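Novice: Quick one: structure below, then a few questions.
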Amino acid sequence: MQASIGDEIIIAGHVVGEARRIGQIVEVRGEDGGPPYRVRWDDSGRTTLLYPGSDSTIKHIAATEHGVEEESVS
């Protein structure tokens, strides 16, 4: 899993009906975009250090000449 500052991380709910968590990556501490990541969570505004598991997805936000391009990668 690789990410950049500004990418979005989404963690799926673990039981039926549980909401997913969404946060913005504010710091990448691993080499070559690898974890751990410092994440600011949308639901609480808190910042935590995260080692993502298999239930996590990175939504890459890449700047282009024409605006912002989004790409989802697990």
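As shown in the structure tokens, the chain order sets the letters A, B, ...; within each chain, residues go from 1, and ligands are also counted from 1 in the order they appear.
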Neighbours of stretch 13-26 of chain A within 9 Å (only C-alpha atoms; same-chain residues fewer than 4 positions away dropped), as a PDB file with C-alpha atoms, in the first residue's frame?
Specialist:
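around-v7.pdb was written with the following content:
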ATOM      1  CA  ALA A   3      -0.027   6.875  -0.313  1.00  0.00           C
ATOM      2  CA  SER A   4       0.855  10.547  -0.536  1.00  0.00           C
ATOM      3  CA  ILE A   5      -0.014  13.524   1.625  1.00  0.00           C
ATOM      4  CA  GLY A   6      -3.559  14.629   0.768  1.00  0.00           C
ATOM      5  CA  ASP A   7      -4.773  11.144  -0.191  1.00  0.00           C
ATOM      6  CA  GLU A   8      -7.904   9.833   1.478  1.00  0.00           C
ATOM      7  CA  ILE A   9      -7.976   6.599   3.451  1.00  0.00           C
ATOM      8  CA  TYR A  37       0.475   7.244   8.027  1.00  0.00           C
ATOM      9  CA  ARG A  38      -0.614  10.140  10.195  1.00  0.00           C
ATOM     10  CA  VAL A  39      -4.340  10.521   9.446  1.00  0.00           C
ATOM     11  CA  ARG A  40      -6.816  13.310  10.313  1.00  0.00           C
ATOM     12  CA  TRP A  41     -10.226  11.636  10.732  1.00  0.00           C
ATOM     13  CA  ASP A  42     -13.287  13.341   9.242  1.00  0.00           C
ATOM     14  CA  ASP A  43     -15.659  12.171  11.992  1.00  0.00           C
ATOM     15  CA  GLY A  45     -11.045  15.848  13.596  1.00  0.00           C
ATOM     16  CA  THR A  47      -5.080  12.909  14.176  1.00  0.00           C
ATOM     17  CA  ASP A  55      -9.924  -3.451   5.318  1.00  0.00           C
TER      18      ASP A  55
END
Novice: Can you tell me how far atom CA of A:Tyr51 sits from atom CA of A:Pro35, in Å to one decimal?
Specialist: 5.8 Å
Novice: What is the distance, in Å and to one decimal place, between atom CA of A:Glu31 and atom CA of A:Ile11?
Specialist: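 Result for atom CA of A:Glu31 versus atom CA of A:Ile11: 21.8 Å, one decimal.
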Novice: One number please: atom CA of A:Gln2 to atom CA of A:Ile58, in Å, one decimal.
Specialist: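 Distance between the two atoms: 7.9 Å.
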Novice: Near A:Met1, within 10 Å and counting only C-alpha atoms, which residues show up once chain neighbours fewer than 3 positions away are dropped, as a compact mmCIF listing (two decimals) with all heavy atoms, in the first residue's frame?
Specialist:
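Now in result_18.txt:
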# COMPACT_ATOMS: atom_id res chain seq x y z
N ASP A 32 9.01 5.28 0.52
CA ASP A 32 8.33 5.17 -0.77
C ASP A 32 6.81 5.17 -0.65
O ASP A 32 6.12 4.43 -1.33
CB ASP A 32 8.78 3.91 -1.52
CG ASP A 32 10.27 3.94 -1.83
OD1 ASP A 32 10.78 5.04 -2.15
OD2 ASP A 32 10.93 2.89 -1.73
N GLY A 33 6.26 5.98 0.27
CA GLY A 33 4.82 6.11 0.41
C GLY A 33 4.17 5.02 1.25
O GLY A 33 2.95 4.94 1.32
N GLY A 34 4.97 4.20 1.89
CA GLY A 34 4.43 3.11 2.70
C GLY A 34 4.03 3.57 4.10
O GLY A 34 4.36 4.68 4.52
N PRO A 35 3.29 2.72 4.81
CA PRO A 35 2.87 3.06 6.16
C PRO A 35 4.04 3.05 7.13
O PRO A 35 5.07 2.47 6.83
CB PRO A 35 1.86 1.96 6.50
CG PRO A 35 2.02 0.90 5.49
CD PRO A 35 2.79 1.46 4.34
N PRO A 52 -2.37 0.70 8.27
CA PRO A 52 -3.62 0.19 7.70
C PRO A 52 -3.63 -1.32 7.52
O PRO A 52 -2.60 -1.94 7.24
CB PRO A 52 -3.72 0.89 6.34
CG PRO A 52 -2.37 1.42 6.06
CD PRO A 52 -1.62 1.53 7.35
N GLY A 53 -4.82 -1.91 7.69
CA GLY A 53 -5.01 -3.33 7.50
C GLY A 53 -5.65 -3.62 6.15
O GLY A 53 -5.82 -2.73 5.31
N SER A 54 -6.05 -4.86 5.97
CA SER A 54 -6.63 -5.29 4.69
C SER A 54 -8.01 -4.69 4.44
O SER A 54 -8.53 -4.76 3.33
CB SER A 54 -6.71 -6.82 4.64
OG SER A 54 -7.53 -7.28 5.69
N SER A 56 -8.60 -1.54 4.57
CA SER A 56 -8.34 -0.14 4.21
C SER A 56 -8.17 0.04 2.71
O SER A 56 -7.61 -0.83 2.04
CB SER A 56 -7.07 0.36 4.90
OG SER A 56 -7.18 0.24 6.28
N THR A 57 -8.64 1.18 2.22
CA THR A 57 -8.49 1.55 0.82
C THR A 57 -7.93 2.97 0.76
O THR A 57 -8.35 3.83 1.53
CB THR A 57 -9.85 1.52 0.11
OG1 THR A 57 -10.42 0.23 0.25
CG2 THR A 57 -9.72 1.84 -1.37
N ILE A 58 -7.00 3.19 -0.16
CA ILE A 58 -6.45 4.53 -0.38
C ILE A 58 -7.12 5.12 -1.62
O ILE A 58 -7.17 4.48 -2.66
CB ILE A 58 -4.93 4.49 -0.62
CG1 ILE A 58 -4.20 3.91 0.59
CG2 ILE A 58 -4.39 5.87 -0.98
CD1 ILE A 58 -4.16 4.78 1.80
N VAL A 73 -7.45 2.82 -5.05
CA VAL A 73 -6.60 1.64 -5.07
C VAL A 73 -6.67 1.00 -3.71
O VAL A 73 -6.59 1.68 -2.69
CB VAL A 73 -5.14 2.03 -5.40
CG1 VAL A 73 -4.25 0.82 -5.33
CG2 VAL A 73 -5.05 2.69 -6.75
N SER A 74 -6.79 -0.33 -3.67
CA SER A 74 -6.81 -1.04 -2.39
C SER A 74 -5.39 -1.32 -1.95
O SER A 74 -4.50 -1.44 -2.69
CB SER A 74 -7.54 -2.35 -2.52
OG SER A 74 -8.88 -2.11 -2.82
Novice: Find, counting only C-alpha atoms, the residue in A:Arg29, A:Lys59, A:Pro36, A:Leu49 that gets nearest to A:Ile10.
Specialist: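 So, comparing all the options, the nearest one is A:Lys59.
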